[in-house]
Structures are given as structure tokens and as C-alpha cells.
file work.txt (compact mmCIF, C-alpha atoms (C1' of nucleotides))
# COMPACT_ATOMS: atom_id res chain seq x y z
CA MET A 196 -9.13 2.19 13.78
CA ASP A 197 -9.12 5.87 14.74
CA VAL A 198 -7.38 6.31 18.06
CA ASN A 199 -6.64 10.01 17.84
CA PRO A 200 -7.02 11.85 21.12
CA ALA A 201 -9.85 14.32 21.13
CA ALA A 202 -7.41 17.22 21.15
CA THR A 203 -6.48 16.68 17.50
CA ARG A 204 -10.04 17.67 16.53
CA VAL A 205 -10.34 14.86 13.99
CA ASP A 206 -13.86 13.45 14.17
CA THR A 207 -14.54 14.32 17.81
CA ARG A 208 -18.03 12.89 17.49
CA GLY A 209 -16.70 9.51 16.39
CA PHE A 210 -14.09 9.60 19.11
CA ILE A 211 -16.75 10.18 21.76
CA LEU A 212 -18.76 7.22 20.46
CA GLN A 213 -15.68 5.02 20.47
CA GLN A 214 -14.99 5.84 24.11
CA ALA A 215 -18.64 5.50 25.12
CA ILE A 216 -19.26 2.07 23.56
CA PRO A 217 -17.22 0.02 26.05
CA LEU A 218 -18.72 1.98 28.95
CA PHE A 219 -22.31 1.31 27.85
CA ALA A 220 -21.43 -2.31 27.05
CA GLU A 221 -20.07 -2.82 30.53
CA ALA A 222 -22.63 -0.97 32.64
CA GLY A 223 -25.67 -0.29 30.48
CA TYR A 224 -27.52 2.94 29.76
CA SER A 225 -28.46 3.84 33.32
CA GLY A 226 -25.14 2.60 34.68
CA VAL A 227 -23.14 5.21 32.77
CA SER A 228 -23.37 8.94 33.42
CA MET A 229 -22.49 11.77 31.08
CA ARG A 230 -19.68 12.54 33.52
CA ASP A 231 -18.32 9.00 33.11
CA ILE A 232 -18.23 9.49 29.37
CA SER A 233 -16.69 12.95 29.62
CA ARG A 234 -13.95 11.51 31.81
CA ALA A 235 -13.23 8.73 29.32
CA VAL A 236 -13.19 11.16 26.42
CA GLY A 237 -11.13 13.77 28.22
CA MET A 238 -13.48 16.72 27.92
CA SER A 239 -16.14 18.33 30.07
CA ALA A 240 -19.65 16.89 30.24
CA ALA A 241 -21.04 20.15 28.85
CA ALA A 242 -18.95 19.75 25.70
CA LEU A 243 -20.69 16.45 24.94
CA TYR A 244 -23.92 18.37 24.50
CA HIS A 245 -22.37 20.24 21.62
CA HIS A 246 -22.14 16.95 19.70
CA PHE A 247 -25.31 15.23 20.89
CA PRO A 248 -28.62 16.78 21.94
CA ASP A 249 -28.94 14.54 25.01
CA LYS A 250 -27.75 11.32 26.64
CA GLN A 251 -30.33 9.18 24.86
CA ALA A 252 -29.11 10.40 21.47
CA LEU A 253 -25.48 9.74 22.41
CA TYR A 254 -26.36 6.22 23.52
CA LEU A 255 -28.34 5.53 20.36
CA ALA A 256 -25.49 6.78 18.19
CA ALA A 257 -23.01 4.66 20.13
CA VAL A 258 -25.06 1.49 19.76
CA ASN A 259 -25.62 2.17 16.09
CA HIS A 260 -21.92 2.82 15.58
CA ALA A 261 -20.96 -0.43 17.29
CA PHE A 262 -23.54 -2.46 15.40
CA VAL A 263 -23.03 -1.07 11.92
CA ASP A 264 -19.30 -1.59 12.39
CA LYS A 265 -19.72 -5.27 13.21
CA ALA A 266 -22.43 -5.94 10.65
CA GLU A 267 -19.83 -5.64 7.90
CA GLY A 268 -17.77 -8.39 9.51
CA ILE A 269 -20.81 -10.64 9.78
CA ARG A 270 -21.61 -10.01 6.13
CA GLN A 271 -18.10 -11.12 5.18
CA ALA A 272 -18.40 -14.22 7.36
CA LEU A 273 -21.38 -15.22 5.22
CA ALA A 274 -19.65 -14.66 1.88
CA GLY A 275 -18.05 -17.35 -0.23
CA GLY A 276 -19.13 -20.59 -1.88
CA GLY A 277 -19.04 -24.29 -1.24
CA THR A 278 -21.59 -26.75 0.06
CA ALA A 279 -24.18 -25.60 2.57
CA VAL A 280 -22.39 -27.46 5.35
CA ALA A 281 -19.05 -25.90 4.39
CA ARG A 282 -20.57 -22.43 4.41
CA LEU A 283 -22.18 -23.12 7.79
CA GLU A 284 -18.88 -24.21 9.29
CA ARG A 285 -17.08 -21.20 7.86
CA PHE A 286 -19.75 -18.81 9.13
CA VAL A 287 -19.77 -20.30 12.62
CA GLU A 288 -15.98 -20.13 12.84
CA ARG A 289 -15.73 -16.54 11.65
CA PHE A 290 -18.72 -15.35 13.64
CA THR A 291 -17.28 -16.92 16.80
CA GLU A 292 -13.95 -15.24 16.10
CA LEU A 293 -15.69 -11.89 15.66
CA MET A 294 -17.61 -12.19 18.93
CA ALA A 295 -14.47 -13.25 20.81
CA LYS A 296 -12.41 -10.39 19.46
CA ASP A 297 -14.84 -7.67 20.48
CA PRO A 298 -17.02 -8.39 23.51
CA ASP A 299 -18.64 -4.96 23.36
CA PHE A 300 -20.86 -5.82 20.41
CA ARG A 301 -22.14 -8.94 22.09
CA LYS A 302 -22.80 -7.23 25.40
CA LEU A 303 -24.55 -4.30 23.77
CA LEU A 304 -26.73 -6.75 21.85
CA HIS A 305 -27.70 -8.60 25.04
CA ARG A 306 -28.43 -5.28 26.72
CA GLU A 307 -30.57 -4.09 23.83
CA LEU A 308 -32.53 -7.34 23.93
CA LEU A 309 -33.23 -6.68 27.61
CA ASP A 310 -33.67 -2.91 27.59
CA GLY A 311 -34.39 -1.84 24.03
CA ASP A 312 -37.78 -0.33 23.44
CA VAL A 313 -39.88 -1.29 20.43
CA THR A 314 -38.75 1.65 18.31
CA ARG A 315 -35.06 1.00 18.87
CA LEU A 316 -35.31 -2.74 18.26
CA LYS A 317 -37.29 -2.14 15.08
CA LEU A 318 -34.56 0.25 13.93
CA LEU A 319 -31.83 -2.28 14.68
CA ALA A 320 -33.79 -5.04 12.99
CA ASP A 321 -34.24 -2.99 9.82
CA GLN A 322 -30.87 -1.28 9.59
CA VAL A 323 -28.44 -3.81 11.04
CA PHE A 324 -29.74 -7.33 11.32
CA LEU A 325 -32.11 -7.69 8.36
CA GLU A 326 -29.52 -8.55 5.74
CA PRO A 327 -27.35 -11.01 7.71
CA TYR A 328 -30.48 -12.58 9.17
CA LYS A 329 -31.90 -13.24 5.72
CA ALA A 330 -28.60 -14.76 4.63
CA VAL A 331 -28.44 -17.11 7.62
CA VAL A 332 -32.07 -18.10 7.09
CA ALA A 333 -31.33 -18.85 3.43
CA LEU A 334 -28.41 -21.01 4.52
CA ALA A 335 -30.64 -22.76 7.06
CA LYS A 336 -33.17 -23.52 4.32
CA GLU A 337 -30.46 -25.26 2.33
CA LEU A 338 -29.23 -27.18 5.34
CA ALA A 339 -32.45 -28.84 6.38
CA VAL A 340 -35.73 -28.77 4.53
CA ASP A 341 -37.47 -30.47 7.42
CA LEU A 342 -36.52 -27.92 10.09
CA ASP A 343 -37.94 -24.45 10.52
CA PRO A 344 -35.27 -22.28 8.87
CA TYR A 345 -35.98 -19.27 11.06
CA MET A 346 -35.58 -21.23 14.27
CA LEU A 347 -32.52 -23.00 12.90
CA ALA A 348 -30.92 -19.68 11.96
CA ASN A 349 -31.58 -18.43 15.46
CA SER A 350 -30.03 -21.57 16.92
CA VAL A 351 -26.87 -21.20 14.86
CA VAL A 352 -26.22 -17.80 16.33
CA GLY A 353 -27.48 -18.77 19.77
CA LEU A 354 -25.20 -21.78 20.17
CA VAL A 355 -22.22 -19.48 19.77
CA LEU A 356 -23.44 -16.47 21.74
CA PHE A 357 -24.70 -18.47 24.69
CA CYS A 358 -21.21 -19.86 25.29
CA PHE A 359 -19.82 -16.37 25.66
CA GLU A 360 -22.81 -15.22 27.68
CA THR A 361 -22.52 -17.93 30.31
CA GLU A 362 -18.76 -17.85 30.66
CA PRO A 363 -18.83 -15.67 33.81
CA LEU A 364 -21.05 -18.27 35.50
CA ARG A 365 -19.39 -21.42 34.14
CA ARG A 366 -16.10 -20.16 35.56
CA HIS A 367 -17.42 -21.24 38.94
CA LEU A 368 -19.01 -24.53 37.96
CA PRO A 369 -17.19 -27.87 38.02
CA GLY A 370 -15.69 -29.60 35.01
CA ARG A 371 -14.77 -26.44 33.26
CA ILE A 372 -11.47 -26.37 31.41
CA PRO A 373 -9.91 -23.27 29.80
CA SER A 374 -10.36 -24.63 26.30
CA HIS A 375 -14.15 -24.41 26.72
CA ASP A 376 -13.87 -20.69 26.20
CA ARG A 377 -11.45 -20.65 23.31
CA PRO A 378 -13.21 -19.46 20.13
CA ALA A 379 -11.97 -22.45 18.14
CA THR A 380 -13.47 -24.87 20.67
CA ILE A 381 -16.78 -23.03 20.80
CA ALA A 382 -17.01 -22.91 17.02
CA ARG A 383 -16.13 -26.58 16.65
CA HIS A 384 -18.73 -27.62 19.22
CA ALA A 385 -21.48 -25.56 17.62
CA SER A 386 -20.55 -26.74 14.14
CA THR A 387 -20.44 -30.39 15.14
CA LEU A 388 -23.80 -30.20 16.83
CA LEU A 389 -25.43 -28.40 13.93
CA VAL A 390 -23.91 -30.52 11.18
CA ARG A 391 -25.00 -33.70 12.93
CA ALA A 392 -28.50 -32.32 13.37
CA VAL A 393 -28.94 -31.44 9.70
CA ALA A 394 -27.26 -34.55 8.28
CA ARG A 395 -30.12 -36.83 7.42
CA MET B 143 -47.94 -17.78 46.37
CA ASP B 144 -48.16 -15.09 49.03
CA VAL B 145 -49.96 -12.09 47.68
CA ASN B 146 -50.91 -10.44 50.95
CA PRO B 147 -50.73 -6.68 50.93
CA ALA B 148 -48.00 -5.30 53.14
CA ALA B 149 -50.54 -3.93 55.57
CA THR B 150 -51.40 -7.39 56.90
CA ARG B 151 -47.84 -7.60 58.31
CA VAL B 152 -47.36 -11.17 57.12
CA ASP B 153 -43.77 -11.56 55.92
CA THR B 154 -43.23 -7.96 54.87
CA ARG B 155 -39.65 -8.78 53.87
CA GLY B 156 -40.81 -11.47 51.44
CA PHE B 157 -43.50 -9.18 50.09
CA ILE B 158 -40.93 -6.47 49.35
CA LEU B 159 -38.76 -8.97 47.49
CA GLN B 160 -41.75 -10.21 45.50
CA GLN B 161 -42.54 -6.67 44.38
CA ALA B 162 -38.91 -5.80 43.67
CA ILE B 163 -38.12 -8.82 41.50
CA PRO B 164 -40.13 -7.77 38.42
CA LEU B 165 -38.77 -4.23 38.72
CA PHE B 166 -35.13 -5.36 38.77
CA ALA B 167 -35.83 -7.90 36.01
CA GLU B 168 -37.27 -5.18 33.80
CA ALA B 169 -34.84 -2.32 34.42
CA GLY B 170 -31.78 -3.74 36.16
CA TYR B 171 -30.07 -2.67 39.37
CA SER B 172 -29.24 0.89 38.39
CA GLY B 173 -32.55 1.33 36.57
CA VAL B 174 -34.61 0.88 39.73
CA SER B 175 -34.55 3.30 42.65
CA MET B 176 -35.48 2.61 46.25
CA ARG B 177 -38.38 5.01 45.69
CA ASP B 178 -39.57 2.88 42.75
CA ILE B 179 -39.62 -0.15 45.00
CA SER B 180 -41.30 1.71 47.83
CA ARG B 181 -44.04 2.79 45.44
CA ALA B 182 -44.56 -0.79 44.24
CA VAL B 183 -44.64 -2.12 47.79
CA GLY B 184 -46.87 0.65 49.10
CA MET B 185 -44.65 1.95 51.87
CA SER B 186 -42.14 4.75 52.28
CA ALA B 187 -38.57 4.36 51.06
CA ALA B 188 -37.31 4.81 54.61
CA ALA B 189 -39.27 1.77 55.76
CA LEU B 190 -37.38 -0.43 53.31
CA TYR B 191 -34.22 0.31 55.27
CA HIS B 192 -35.77 -1.35 58.29
CA HIS B 193 -35.79 -4.66 56.38
CA PHE B 194 -32.58 -4.32 54.37
CA PRO B 195 -29.37 -2.48 55.27
CA ASP B 196 -29.02 -0.93 51.82
CA LYS B 197 -30.11 -1.17 48.18
CA GLN B 198 -27.40 -3.67 47.29
CA ALA B 199 -28.60 -6.07 50.00
CA LEU B 200 -32.21 -5.73 48.88
CA TYR B 201 -31.20 -6.48 45.29
CA LEU B 202 -29.11 -9.47 46.31
CA ALA B 203 -31.94 -10.86 48.40
CA ALA B 204 -34.40 -10.35 45.54
CA VAL B 205 -32.20 -12.16 43.03
CA ASN B 206 -31.58 -14.98 45.48
CA HIS B 207 -35.29 -15.25 46.19
CA ALA B 208 -36.15 -15.43 42.51
CA PHE B 209 -33.43 -17.98 41.75
CA VAL B 210 -33.93 -20.32 44.68
CA ASP B 211 -37.64 -20.33 43.91
CA LYS B 212 -37.09 -21.44 40.32
CA ALA B 213 -34.29 -23.88 41.10
CA GLU B 214 -36.84 -26.22 42.65
CA GLY B 215 -38.82 -26.28 39.39
CA ILE B 216 -35.69 -27.03 37.40
CA ARG B 217 -34.82 -29.85 39.77
CA GLN B 218 -38.24 -31.37 39.19
CA ALA B 219 -37.87 -31.02 35.44
CA LEU B 220 -34.80 -33.24 35.72
CA ALA B 221 -36.47 -35.93 37.81
CA GLY B 222 -37.90 -39.17 36.50
CA GLY B 223 -36.65 -42.14 34.54
CA GLY B 224 -36.61 -43.45 31.01
CA THR B 225 -34.00 -43.44 28.28
CA ALA B 226 -31.51 -40.57 28.10
CA VAL B 227 -33.30 -39.16 25.06
CA ALA B 228 -36.67 -39.36 26.80
CA ARG B 229 -35.29 -37.55 29.84
CA LEU B 230 -33.74 -34.90 27.60
CA GLU B 231 -37.02 -34.30 25.83
CA ARG B 232 -38.91 -34.10 29.09
CA PHE B 233 -36.37 -31.71 30.62
CA VAL B 234 -36.39 -29.42 27.58
CA GLU B 235 -40.17 -29.31 27.53
CA ARG B 236 -40.55 -28.56 31.24
CA PHE B 237 -37.65 -26.12 31.33
CA THR B 238 -39.10 -24.22 28.39
CA GLU B 239 -42.48 -24.13 30.08
CA LEU B 240 -40.87 -22.77 33.24
CA MET B 241 -39.04 -20.01 31.39
CA ALA B 242 -42.16 -19.04 29.48
CA LYS B 243 -44.32 -18.87 32.57
CA ASP B 244 -42.04 -16.53 34.50
CA PRO B 245 -39.89 -14.20 32.39
CA ASP B 246 -38.41 -12.54 35.49
CA PHE B 247 -36.09 -15.43 36.28
CA ARG B 248 -34.71 -15.47 32.77
CA LYS B 249 -34.21 -11.72 32.60
CA LEU B 250 -32.53 -11.60 36.00
CA LEU B 251 -30.22 -14.39 34.89
CA HIS B 252 -29.25 -12.51 31.73
CA ARG B 253 -28.69 -9.37 33.78
CA GLU B 254 -26.54 -11.19 36.32
CA LEU B 255 -24.46 -12.65 33.49
CA LEU B 256 -23.87 -9.10 32.25
CA ASP B 257 -23.59 -7.22 35.53
CA GLY B 258 -22.83 -9.74 38.26
CA ASP B 259 -19.48 -9.35 39.94
CA VAL B 260 -17.28 -12.36 40.66
CA THR B 261 -18.47 -12.79 44.24
CA ARG B 262 -22.14 -12.78 43.30
CA LEU B 263 -21.72 -15.16 40.39
CA LYS B 264 -19.69 -17.54 42.53
CA LEU B 265 -22.48 -17.47 45.10
CA LEU B 266 -25.13 -18.19 42.47
CA ALA B 267 -23.02 -20.96 40.97
CA ASP B 268 -22.57 -22.67 44.33
CA GLN B 269 -26.00 -22.16 45.85
CA VAL B 270 -28.36 -22.26 42.88
CA PHE B 271 -26.91 -23.69 39.70
CA LEU B 272 -24.47 -26.33 40.91
CA GLU B 273 -26.96 -29.14 41.42
CA PRO B 274 -29.07 -28.77 38.25
CA TYR B 275 -25.91 -28.14 36.23
CA LYS B 276 -24.37 -31.38 37.41
CA ALA B 277 -27.58 -33.23 36.57
CA VAL B 278 -27.73 -31.82 33.03
CA VAL B 279 -24.04 -32.61 32.52
CA ALA B 280 -24.67 -36.19 33.68
CA LEU B 281 -27.51 -36.44 31.20
CA ALA B 282 -25.27 -35.01 28.48
CA LYS B 283 -22.66 -37.66 29.23
CA GLU B 284 -25.23 -40.37 28.64
CA LEU B 285 -26.48 -38.75 25.47
CA ALA B 286 -23.23 -38.55 23.56
CA VAL B 287 -19.93 -39.98 24.62
CA ASP B 288 -18.16 -38.25 21.76
CA LEU B 289 -19.27 -34.71 22.61
CA ASP B 290 -18.00 -32.56 25.46
CA PRO B 291 -20.73 -33.01 28.11
CA TYR B 292 -20.20 -29.57 29.63
CA MET B 293 -20.58 -27.80 26.33
CA LEU B 294 -23.54 -30.00 25.41
CA ALA B 295 -25.25 -29.23 28.72
CA ASN B 296 -24.71 -25.54 28.07
CA SER B 297 -26.17 -25.90 24.58
CA VAL B 298 -29.30 -27.65 25.85
CA VAL B 299 -30.12 -24.69 28.06
CA GLY B 300 -28.91 -22.15 25.53
CA LEU B 301 -31.05 -23.38 22.68
CA VAL B 302 -34.12 -22.72 24.79
CA LEU B 303 -33.08 -19.47 26.45
CA PHE B 304 -31.81 -17.85 23.27
CA CYS B 305 -35.25 -18.16 21.68
CA PHE B 306 -36.80 -16.15 24.50
CA GLU B 307 -33.92 -13.72 24.55
CA THR B 308 -34.15 -12.80 20.88
CA GLU B 309 -37.92 -12.61 20.69
CA PRO B 310 -38.02 -8.79 21.01
CA LEU B 311 -35.74 -8.52 17.97
CA ARG B 312 -37.22 -11.34 15.88
CA ARG B 313 -40.58 -9.63 16.17
CA HIS B 314 -39.31 -7.17 13.59
CA LEU B 315 -37.55 -9.60 11.28
CA PRO B 316 -39.23 -11.28 8.29
CA GLY B 317 -40.60 -14.82 8.26
CA ARG B 318 -41.59 -14.80 11.86
CA ILE B 319 -44.86 -16.50 12.77
CA PRO B 320 -46.51 -16.41 16.20
CA SER B 321 -45.91 -20.10 16.80
CA HIS B 322 -42.15 -19.47 16.86
CA ASP B 323 -42.58 -18.07 20.34
CA ARG B 324 -44.93 -20.68 21.75
CA PRO B 325 -43.14 -22.75 24.40
CA ALA B 326 -44.20 -26.04 22.79
CA THR B 327 -42.67 -24.97 19.46
CA ILE B 328 -39.44 -23.81 21.07
CA ALA B 329 -39.12 -27.02 23.07
CA ARG B 330 -39.85 -29.20 20.04
CA HIS B 331 -37.27 -27.38 17.91
CA ALA B 332 -34.57 -27.63 20.57
CA SER B 333 -35.36 -31.27 21.26
CA THR B 334 -35.36 -32.21 17.59
CA LEU B 335 -32.04 -30.51 17.00
CA LEU B 336 -30.42 -32.08 20.04
CA VAL B 337 -31.79 -35.57 19.53
CA ARG B 338 -30.63 -35.59 15.93
CA ALA B 339 -27.20 -34.37 16.99
CA VAL B 340 -26.70 -37.10 19.59
CA ALA B 341 -28.23 -39.94 17.56
CA ARG B 342 -25.23 -41.72 16.09
C1' DG C 198 -15.85 23.84 20.53
C1' DT C 199 -14.69 23.80 24.92
C1' DC C 200 -14.77 25.65 29.33
C1' DT C 201 -16.74 26.89 34.37
C1' DA C 202 -20.70 27.51 36.93
C1' DT C 203 -24.99 26.27 38.14
C1' DA C 204 -30.08 25.17 37.99
C1' DG C 205 -33.31 21.70 39.26
C1' DC C 206 -34.25 17.22 40.08
C1' DC C 207 -33.45 12.54 41.73
C1' DT C 208 -30.52 9.47 44.36
C1' DG C 209 -29.28 6.45 48.55
C1' DA C 210 -29.45 6.86 53.14
C1' DT C 211 -30.41 8.77 58.02
C1' DA C 212 -32.86 11.12 62.16
C1' DG C 213 -36.35 11.10 65.07
C1' DA C 214 -41.48 11.18 66.05
C1' DC C 215 -45.20 7.94 66.71
C1' DG D 230 -42.43 -0.87 61.81
C1' DT D 231 -43.70 2.87 59.49
C1' DC D 232 -43.91 7.60 58.91
C1' DT D 233 -42.27 12.66 57.48
C1' DA D 234 -38.49 15.48 56.89
C1' DT D 235 -34.09 16.01 55.44
C1' DC D 236 -29.11 15.68 54.08
C1' DA D 237 -25.30 15.40 51.00
C1' DG D 238 -24.15 14.26 46.70
C1' DG D 239 -24.88 12.80 41.77
C1' DC D 240 -27.66 13.36 37.81
C1' DT D 241 -29.03 15.64 33.10
C1' DA D 242 -28.99 19.63 30.93
C1' DT D 243 -28.32 24.74 30.20
C1' DA D 244 -26.11 29.58 30.34
C1' DG D 245 -22.70 32.31 29.04
C1' DA D 246 -17.62 33.46 28.81
C1' DC D 247 -13.75 32.62 25.83
call {"tool": "encode", "arguments": {"input": "work.txt", "output": "C-alpha cells"}}
result
Amino acid sequence: MDVNPAATRVDTRGFILQQAIPLFAEAGYSGVSMRDISRAVGMSAAALYHHFPDKQALYLAAVNHAFVDKAEGIRQALAGGGTAVARLERFVERFTELMAKDPDFRKLLHRELLDGDVTRLKLLADQVFLEPYKAVVALAKELAVDLDPYMLANSVVGLVLFCFETEPLRRHLPGRIPSHDRPATIARHASTLLVRAVAR
Amino acid sequence: MDVNPAATRVDTRGFILQQAIPLFAEAGYSGVSMRDISRAVGMSAAALYHHFPDKQALYLAAVNHAFVDKAEGIRQALAGGGTAVARLERFVERFTELMAKDPDFRKLLHRELLDGDVTRLKLLADQVFLEPYKAVVALAKELAVDLDPYMLANSVVGLVLFCFETEPLRRHLPGRIPSHDRPATIARHASTLLVRAVAR
DNA sequence: GTCTATAGCCTGATAGAC
DNA sequence: GTCTATCAGGCTATAGAC
């Protein structure tokens, strides 16, 4: 929510991260230079080194910032009561909405899955994804006792994310209509498919 | 299938592409230098410019090479008769096997979805994915008249690919057992979920 | 905390010998 | 077709003034 220009000196570090996140999301670690970031922030590249020891540390902080931010939203999407199916539908809808609203999180996640080294992925697993993952797995256990809950949990998230991921390609394939990329449509499709699969 | 060293002069261009593909798959366009490729191929960086006008062209040729190669396998996975459900199960199993056997194709695809510009993605859509996409959509139409066939086709592929994609992260999350990443397990899970969803 | 200037290395790409 | 040598420019990171 902080959109102060760097000149006001309020949380310069956070401001740098905020400007760096969309750059890294769009072009990846090696596709963004410290000069690119300095330009986006509005200060010299040398000044960045006052706030971060090196590029790697800046990138790590940016990814962490983006992920911890969104993790709260995912946690909220999992809150609330009702039947297992009702909670699934609510989670899918809210999660889809979250991913649609901020593409940076999703892109950074895909990039980390491709580029992240073991240490970084372990860190993300422990500090960001552990809690929501456990919650989705618990939900999956309720939904279908005869399906592997870990694989089902993965599929819930995957059905949503894959729609966003393939959009740039599906744009050029036949039969595509604009509604295919509306969050509500994506959520409804994923929900329908999952609910049918777990209804025995 | 060609594994001749460059020195034998048999299809040097193809040999370069073969060596470049895993590099680009692992580190992306900006993560691989012409010198990296020259080292892998066993010739000087300058020599690469005899076969390709610039790095961009080499990358494009490498991606095309990798994709056209695999498209044939996907086409075969879609061949054959039987009921719609039987063809779905066979496709999922063979497609999963294909993705497991050669991670480069999958990683390059994910990278293109993140990095590919409009022109490149249009080219890939027309020249590589159009035919198999249409076949999976046709299968989806048979499977469930009351589901959007385009979204269902996307989900079929996504359920498989997302398992591979998230493996590096799931490694560090609880409840994971080795079998979750075996192709047969992934295919069975995706098939089960899909068959249940389309069985009315 | 931010700047300018710059070190030292790596980059894509070219020239010209063989 | 491949090599060595090289260019011009971009890269990360540092030094030191303010």
C-alpha cells in the first residue's frame, strides 16, 4: 500500500523491493540488472548497495516480500466454515481472484520453481508455503478419503494456476473466448471439475 | 539420436542445438551466454556465428528443435481407438511418460510461457501446438458435453505438468513420498480425477 | 544515504588468418 | 568452418566525496 517516492525517505528498503518485484517477475533474476532496478526506483545503482549487500540478497528479499505478502491472502482464503465442498469452492474462488489481481506473485513462483536452488526452495517451503499447504491438504483429506490428499491438494492449486500460465499461448489457439480468462470462469471450471471428482 | 561429436562434421548445426537445449532449459535465455554454449559444443564462440546470425536466432532454433521433436511423441500419444475414457487414460499415461523422460521440453515450455514474446508464442501455437491441441479438445468434447472442452483440454495437460513443475518445492513439504513423483503415480492420479469428473 | 567515477570482468558480436 | 584476437558496451560491485 506504500507508494511513497523514495525521496520521502520512508522505508526506502521496502520501496526498492516494491519496485524490483515486478521487474524480477517479468524478466527473471538474470534478466534484470541493478541498473534496471535503480532506474525504476529513481536512485543510483550504487545507492542500492547501501540497502542490500549484493544483487542476490536484493532478489531474495524481493521474492520473500512478494510471497509473505500474498501468503496472508491465501490464509484468509482458507478461513471460514461450512462443508468441505463449500470450503473448497470458496478457496478456489478467492485464490483465483488473488492470482488474477497480482500476476507478479504467480510469475515469481513459476520462476522460483524453474530457477530456485535447493536452499531457497527449502526456505520458501518452510516460511511461506508450509501453513497454507497443510491447510489445503487437510481440506483434501476431508474431500476424498480414497484419493491421495497431497496430490489432490496440488491439483486444486494447479488447476487454477495452469489456466493463468497458459494464457499467453492459448491466446493464439482456436476456440478461445475472452471469458476463458476471467477469474470467475476459471474458478468455476476448477471447482466443477474437483467437486465432481470427489463426489462419490 | 545423433550424438556425434562436432569434429565429425555431421550436422554441426543440429549438434549445437542439441547441446544448447539443456542449457537454455536449465538457465533460460539470459542465463546462458554464447561462451557457455561454445564450451558445451566444444568449439569457439565465434564459430557459432557461422551457423546462426545471432544469439536470438540460435535460441529460437533450439526451442523449435526441442518442440518439434516432442510434438511427434504427443501426436502418437493421441493416436489409437477405444472409448473416450480409454483414449484419455492412454493419452495421460503416455504424455506423462514423455514429460518425465525429457524434462527439457517441459522447462522450455514453462520458460516460453513466462518469457516468450507475442510473435514467438504465435509461432509455437501455429507450428507446434495447434494439431495436438485440437485433438485433445476433440477428446474433451467427447468426454463431457456439459464442460467447456477448451478448459477441460487445458486441465488434462495441466494436471500432469503441474506435478512436475512443483516437485522442487514439494520436496520440502511434509507428507511427500517418493511415489508422488513417479510418472505412473502422476498419470494415475490425473486420470482418476478426470475420469471421475466426466463420469455423469 | 546518495552521489559520481571507476575497477574488473563478462557480454554479444566482428575481423581476418588458416 | 574454425580459429585467435579484439572491440564496444554492459555487468556487479567498490571507493570516496558530500
call {"tool": "closest_residue", "arguments": {"input": "work.txt", "among": "B:Ala208, B:Tyr191, B:Val340, B:Phe247", "to": "chain D", "atoms": "all atoms listed in the file"}}
result
B:Tyr191
call {"tool": "residues_around", "arguments": {"input": "work.txt", "residues": "Ser374 of chain A", "least_positions_apart": "4", "cutoff": "12 Å", "atoms": "all atoms listed in the file", "output": "PyMOL selection string"}}
result
(chain A and resi 358+362+366+370+378-384) or (chain B and resi 290+292-293)
call {"tool": "write_last_selection", "arguments": {"input": "work.txt", "atoms": "C-alpha atoms", "output": "mmCIF file, keeping the file's coordinate frame"}}
result
data_model
loop_
_atom_site.group_PDB
_atom_site.id
_atom_site.type_symbol
_atom_site.label_atom_id
_atom_site.label_comp_id
_atom_site.auth_asym_id
_atom_site.auth_seq_id
_atom_site.Cartn_x
_atom_site.Cartn_y
_atom_site.Cartn_z
ATOM 1 C CA CYS A 358 -21.210 -19.860 25.290
ATOM 2 C CA GLU A 362 -18.760 -17.850 30.660
ATOM 3 C CA ARG A 366 -16.100 -20.160 35.560
ATOM 4 C CA GLY A 370 -15.690 -29.600 35.010
ATOM 5 C CA PRO A 378 -13.210 -19.460 20.130
ATOM 6 C CA ALA A 379 -11.970 -22.450 18.140
ATOM 7 C CA THR A 380 -13.470 -24.870 20.670
ATOM 8 C CA ILE A 381 -16.780 -23.030 20.800
ATOM 9 C CA ALA A 382 -17.010 -22.910 17.020
ATOM 10 C CA ARG A 383 -16.130 -26.580 16.650
ATOM 11 C CA HIS A 384 -18.730 -27.620 19.220
ATOM 12 C CA ASP B 290 -18.000 -32.560 25.460
ATOM 13 C CA TYR B 292 -20.200 -29.570 29.630
ATOM 14 C CA MET B 293 -20.580 -27.800 26.330
#
call {"tool": "closest_atom_pairs", "arguments": {"input": "work.txt", "of": "chain B", "to": "chain C", "cutoff": "12 Å", "atoms": "all atoms listed in the file", "output": "CSV"}}
result
residue,atom,partner,partner_atom,distance
B:Ser172,CA,C:DT208,C1',10.5
B:Gly173,CA,C:DT208,C1',11.4
B:Val174,CA,C:DT208,C1',10.6
B:Ser175,CA,C:DT208,C1',7.6
B:Met176,CA,C:DG209,C1',7.6
B:Arg177,CA,C:DT208,C1',9.1
B:Asp178,CA,C:DT208,C1',11.3
B:Ala187,CA,C:DA210,C1',9.7
B:Ala188,CA,C:DA210,C1',8.3
B:Ala189,CA,C:DA210,C1',11.4
B:Leu190,CA,C:DA210,C1',10.8
B:Tyr191,CA,C:DA210,C1',8.4
B:His192,CA,C:DT211,C1',11.5
B:Phe194,CA,C:DA210,C1',11.7
B:Pro195,CA,C:DA210,C1',9.6
B:Asp196,CA,C:DA210,C1',7.9
B:Lys197,CA,C:DG209,C1',7.7
B:Gln198,CA,C:DG209,C1',10.4
call {"tool": "interface_residues", "arguments": {"input": "work.txt", "of": "chain B", "to": "chain A", "cutoff": "6 Å", "atoms": "all atoms listed in the file", "output": "JSON, numbers by chain"}}
result
{"B": [172, 173, 263, 264, 267, 300, 304, 311, 314, 335, 338, 339]}
call {"tool": "closest_atom_pairs", "arguments": {"input": "work.txt", "of": "chain D", "to": "chain A", "cutoff": "10 Å", "atoms": "all atoms listed in the file", "output": "CSV"}}
result
residue,atom,partner,partner_atom,distance
D:DG239,C1',A:Ser228,CA,9.3
D:DC240,C1',A:Ser228,CA,7.6
D:DT241,C1',A:Met229,CA,7.9
D:DA242,C1',A:Asp249,CA,7.8
D:DT243,C1',A:Ala241,CA,8.7
call {"tool": "write_last_selection", "arguments": {"input": "work.txt", "atoms": "C-alpha atoms (C1' of nucleotides)", "output": "short mmCIF file (atom, residue, chain, number, x, y, z; two decimals), keeping the file's coordinate frame"}}
result
data_model
loop_
_atom_site.label_atom_id
_atom_site.label_comp_id
_atom_site.auth_asym_id
_atom_site.auth_seq_id
_atom_site.Cartn_x
_atom_site.Cartn_y
_atom_site.Cartn_z
"C1'" DG D 239 -24.88 12.80 41.77
"C1'" DC D 240 -27.66 13.36 37.81
"C1'" DT D 241 -29.03 15.64 33.10
"C1'" DA D 242 -28.99 19.63 30.93
"C1'" DT D 243 -28.32 24.74 30.20
#
call {"tool": "atom_distance", "arguments": {"input": "work.txt", "atom1": "atom CA of Ala215 of chain A", "atom2": "atom CA of Gly268 of chain A"}}
result
20.9 Å
call {"tool": "atom_distance", "arguments": {"input": "work.txt", "atom1": "atom CA of Ala204 of chain B", "atom2": "atom CA of Leu159 of chain B"}}
result
5.0 Å
call {"tool": "atom_distance", "arguments": {"input": "work.txt", "atom1": "atom CA of Leu255 of chain A", "atom2": "atom CA of Leu293 of chain A"}}
result
22.0 Å
call {"tool": "axis_aligned_box", "arguments": {"input": "work.txt", "around": "segment 232-247 of chain D", "padding_each_side": "5 Å", "output": "JSON"}}
result
{"center_x": -28.8, "center_y": 20.5, "center_z": 42.4, "size_x": 40.2, "size_y": 35.9, "size_z": 43.1}
